[in-house]
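For reference, the structure is listed below as structure tokens.
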Amino acid sequence: MWQNYHLPSTRSEALALLAEHGEDARVIAGGTDLILELERGVRHAPTLVDITRIPGLDSIALEDGMIRLGPLVTHSQAVASRLLVQRAFPLALSCWQVGSPQIRNQATVAGNLVNASPAGDAITPLWALGASVTLASRQRGERVLPFEEFFLGVRRTALQPDEMLVSVQFPPLQANERGTFLKLGLRQAQAIAVVNVAVVLAFDGGRVSRARIALGSVAPTIIRAPEAEESLVGQPLTEETVARAGELAAAAARPIDDIRVSAAYRRAMVRVLTVRALRQLAEGSERSGWPVHPITLRGKEVADCGLRIADCGLAGPDSTVCFIVNGRQVAVKGAGQKTLLRMLREDLGLTGTKEGCAEGECGACTVWLNGMAVQSCLVPAPRVHGGRVTTIEGLASEGRLHPVQEAFIEEGAVQCGYCTPGLIMSAAALLAELPQPERAEIQQALAGNLCRCTGYFKVIRAIERAAMI
């Protein structure tokens, strides 16, 4: 794991730390990939620079004709952004399909770019939208790179050890432009893309005047399909035109065989998804599946607990993490190199939060961090310094169980009980966000919680019952 953990309060402070530690330092924002890489020993980063306390880095704004995203913008924020839904719909749509609600609350769009996976869901629509990144260094100042120069290969970018990604920018969709994003995974939620496709078209009357098609998970980086794009320009979106573009997009793909699917299948699915995307845009139906109320489990804004970073040292392994858990202020020494899950269980004895997978897949470790549902196995313990955490033990109020807990008992939804704390924490967050959810919205909320007893029917019925209390 890491040795030193820093929580700078300014951008210049963060850049100074990166300049000082160089190759040994790593910026952490969401951490959903980085924590796993450190746990598995596939990445060396003795020093983590946590930028979550730097004000203003989570902004989504339209400035000087460009949409700009700060490096702390999460996928949940992107989904909830009216600006992105209206003027960058392919990006909002891709963020909606990333992981689970808990993961979307933690993972950042910028982190998806820096991770540079060929299957990165947010990269593909941003590439189709013509995005660039701004990188900052203490010594060299800022530089702006288009995606073609930023992405160098599988999990390789032009980001230097002393640099930090400080913004992502791209032109918004104009009145004559529309776009969409399609993803094929091997399951309905928390799926890594087998193939993903983003298409952005400009129209002049009934004909395409400009086309951008980006393909993910079919080459070392996200790629464009220039021949397919050229075939669309000046043409109406007829079945023949669409079919031809699908074939040319498939020809542009350079997929490989891997443990998930074959290269031939990927190439075939590029054609299928490209055709589907173009048909949607021809019919104007690309937004038909967008939920009326995308479930985020973000809760209400919760103020920090008033503790200053300086009150507790976080630099070394013996550091003390000070925060409020279930309404009680605690100071935990020696947890600076742990995850929040381990600190809750090992140092505070709050064993209601379970470890099911330790990689953000099962949701058994779900807690609320500052009112927002997160996977505690992917949260560094120092991240919660000065914050508020609620676990299953703190859900009851004034000696009375939460309505969701009561409903789980009445409906027999507890079953073996292992996944139950996570399910209840997600369900309670849902009802705080949407007091009377539809069944489809309940299913969205539970997308990050796996039940090994396969008893979702009773769980859903219990949540419906709690909503009526």
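Identifiers for the structure tokens are assigned positionally: chains receive A, B, ... in sequence, residues are indexed from 1 per chain, and ligands are indexed from 1 in the order shown.
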Near Glu39 of chain A, counting only C-alpha atoms, which residues have an atom at most 7 Å away, once you skip same-chain residues fewer than 3 positions from it, shown as a short mmCIF file (atom, residue, chain, number, x, y, z; two decimals) with C-alpha atoms, in the first residue's frame?
```cif
data_model
loop_
_atom_site.label_atom_id
_atom_site.label_comp_id
_atom_site.auth_asym_id
_atom_site.auth_seq_id
_atom_site.Cartn_x
_atom_site.Cartn_y
_atom_site.Cartn_z
CA MET A 1 0.00 0.00 0.00
CA ILE A 35 -6.57 1.40 -4.45
CA LEU A 36 -6.96 -1.97 -6.18
#
```
**OP:** Just the residues within 9 Å of Pro255 of chain A, please, counting only C-alpha atoms, with nothing from its chain fewer than 2 positions along; format it as a list in words.
**Re:**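 My list of contacting residues is Ser217, Val218, Ala219, Pro220, Ala253, Asp257, Ser262, Ala263, Ala264, Arg266 and Arg267 of chain A.
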Original post:
Could you state the separation of atom CA of Val330 of chain A and atom CA of Pro421 of chain A in Å, given to one decimal place?
Top reply: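 Calculated distance between atom CA of Val330 of chain A and atom CA of Pro421 of chain A is 21.9 Å.
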Subject >> Test item, alpha helix (DSSP H) assignment across segment 16-166 of chain A, answer as a PyMOL selection string >> reply: chain A and resi 16-21+34-39+75-80+82-87+89-96+101-106+109-115+123-128+147-150
Subject >> Contacts of Arg43 of chain A at 8 Å (only C-alpha atoms; same-chain gap of 5+ positions) as a PyMOL selection string >> reply: chain A and resi 34+37-38
Subject >> Given only C-alpha atoms as the counted atoms, nearest of A:Gly455, A:Gly30, A:Pro118, A:Gly284 to Arg156 of chain A >> reply: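 Result for the nearest residue to Arg156 of chain A: A:Pro118.
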